[in-house]
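Have a look at the structure below, then the notes.
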Amino acid sequence: MHALMEDLKLRLTSNHVESPARSSGTPPPLATPRHSSLVQPSQKKKRKTKALRVFRSVFRTFPIIAPTTCKMGSIPLGIPDSHHTSSGTRVTGTLYGYRKGRVSLSVQETPRCLPTLVVELAMQTNVLQKEMSLGMVRIALECEKRSDKDKTRLLDEILWTLYCNGKKSGYGVKREATEEDLNVMELLKPVSMGAGVLPGNSEVEGPDGELAYMRSYFEHVVGSKDSETLYMLSPDGNNGPELSIFFVRI
């Protein structure tokens with residue numbers, strides 16, 4: 001992690017500029033809403049917008065890493081998600097992305113609110129879909145533990161090491177919601193739980209490009225200042241796929 005952070009610092013000194021999105025043909029791209037109807041969450045937090053934009057820009061230059069078997073740290077994987085006993089807060093979670101592109105996680109207080117957290121994962125959307133088809137997915141996002149004097153909130157961390165079902169799958173980075181993110185949330189505002197596809201950007205993904213999404217309610221459980229978890233609440237009880245997302249400092 002230290003080596004990666006040093007590499008990030010070096011990259012931040014360069015003038016990295018992302019290519020602007022190009023106009024698209026058919027099927028139509030996700031439109032950019034000039035006036036979003038999404039409302040502020042009840043407890044809006046101040047964010048370091050400039051730092052997050054720079055980290056996102058640098059993160060997009062990294063390749064998507066093929067998963068390799070790796071033992072995760074102190075993640076409580078022994079207790080089935082459906083049997084956890086901690087009480088938490090219900091939130092809306094959405095996983096979405098182009099099938100051959102990176103998948104993103106958005107967390108909202110309700111489907112009508114602006115995202116309180118957006119994390120871009122170095123995992124292809126179609127790879128996550130395959131894992132979900134197996135019935136149980138456990139995603140762990142790890143970062144280094146800070147000193148006791150450091151008051152940074154866990155979900156305010158910017159860079160994470162990503163594991164999926166025990167396999168190291170690269171990194172995740174927290175970022176500000178883009179206009180495309182907000183448009184996805186706007187289109188999915190009537191959806192509380194479900195999965196499907198939205199029209200993609202044919203210039204980027206080809207004529208058959210589609211943006212896949214999966215949305216559900218999650219129980220947000222805070223274990224400690226160094227451990228928080230999102231447990232997916234399945235409407236099908238034990239018949240649907242199980243998904244847990246762990247945020248930990250180790």
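Letters A, B, ... mark the chains of the structure tokens in the order given; residue numbers begin at 1 per chain; ligand numbers begin at 1, in order shown.
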
Neighbours of Glu186 (chain A) within 8 Å (only C-alpha atoms; same-chain residues fewer than 3 positions away dropped), as an NGL selection string?
:A and (36-38 or 112 or 182-183 or 189)

Contact residues around Pro190 (chain A) with only C-alpha atoms at 12 Å, ignoring same-chain residues under 2 positions, as number ranges by chain:
A: 38, 110-113, 184-188, 192-194, 215

Pick out the closest residue to Ala177 (chain A) from this set: A:Pro235, A:Pro115, A:Pro41, A:Gly135. Count only C-alpha atoms.
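Of the candidates, the smallest distance to Ala177 (chain A) is held by A:Pro115.
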
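The neighbours of region 148-159 of chain A here are the residues that come within 8 Å of it, using only C-alpha atoms and leaving out any residue fewer than 2 positions away in the same chain; they are Leu52, Phe55, Leu117, Cys143, Arg146, Thr161, Tyr171, Gly172, Val173, Lys174, Arg175, Lys225, Asp226, Ser227, Glu228, Phe247, Val248 and Arg249 of chain A.
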
Contact residues around Thr94 (chain A) with only C-alpha atoms at 9 Å, ignoring same-chain residues under 6 positions, as a count of residues only:
11

With only C-alpha atoms as the counted atoms, please give the residues lying no more than 9 Å from Val103 (chain A), apart from itself and same-chain residues fewer than 6 positions off, as a ChimeraX atom specification.
/A:95-97,119-126,128

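Taking CA of Phe218 (chain A) as the reference point, CA of Gly196 (chain A) is found at 18.2 Å.
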
Would you kindly return, as a ChimeraX atom specification, each protein, DNA or RNA residue with an atom no farther than 9 Å from any atom of Glu242 (chain A), considering only C-alpha atoms and excluding same-chain residues fewer than 5 positions away?
/A:81-82,132,135-138,231-234

Could the residues in this selection be written to a file with N, CA and C atoms, as a CSV table (one decimal), in the first residue's frame?
chain,number,residue,atom,x,y,z
A,81,ASP,N,-24.3,-14.4,6.1
A,81,ASP,CA,-24.9,-13.1,6.1
A,81,ASP,C,-26.3,-13.1,6.7
A,82,SER,N,-27.0,-14.2,6.3
A,82,SER,CA,-28.5,-14.2,6.7
A,82,SER,C,-28.7,-14.4,8.2
A,132,MET,N,-22.0,-13.4,-8.8
A,132,MET,CA,-23.4,-13.4,-8.2
A,132,MET,C,-24.2,-14.6,-8.6
A,135,GLY,N,-24.4,-17.5,-6.2
A,135,GLY,CA,-25.2,-17.5,-5.1
A,135,GLY,C,-24.7,-16.7,-3.9
A,136,MET,N,-23.4,-16.6,-3.7
A,136,MET,CA,-22.8,-15.9,-2.6
A,136,MET,C,-21.6,-15.0,-3.0
A,137,VAL,N,-21.6,-13.8,-2.7
A,137,VAL,CA,-20.5,-12.9,-3.0
A,137,VAL,C,-20.2,-12.1,-1.7
A,138,ARG,N,-18.9,-12.1,-1.4
A,138,ARG,CA,-18.4,-11.3,-0.3
A,138,ARG,C,-17.3,-10.4,-0.8
A,231,TYR,N,-25.0,-5.4,4.3
A,231,TYR,CA,-25.6,-6.7,4.1
A,231,TYR,C,-26.8,-6.6,3.1
A,232,MET,N,-26.8,-7.2,2.0
A,232,MET,CA,-27.9,-7.1,1.1
A,232,MET,C,-29.1,-7.8,1.7
A,233,LEU,N,-30.3,-7.1,1.6
A,233,LEU,CA,-31.6,-7.6,2.1
A,233,LEU,C,-32.3,-8.2,0.9
A,234,SER,N,-32.4,-9.5,0.7
A,234,SER,CA,-33.0,-10.1,-0.4
A,234,SER,C,-34.5,-10.3,-0.2

Selected residue of minimal separation from Ile245 (chain A) among A:Val39, A:Val197, A:Val222, A:Leu230, counting only C-alpha atoms
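Among the listed residues, the smallest separation from Ile245 (chain A) belongs to A:Leu230.
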
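Among the candidate residues A:Pro199, A:Lys145, A:Ser133, A:Ser224, the one lying nearest to Leu211 (chain A) is A:Pro199, with distances computed using only C-alpha atoms.
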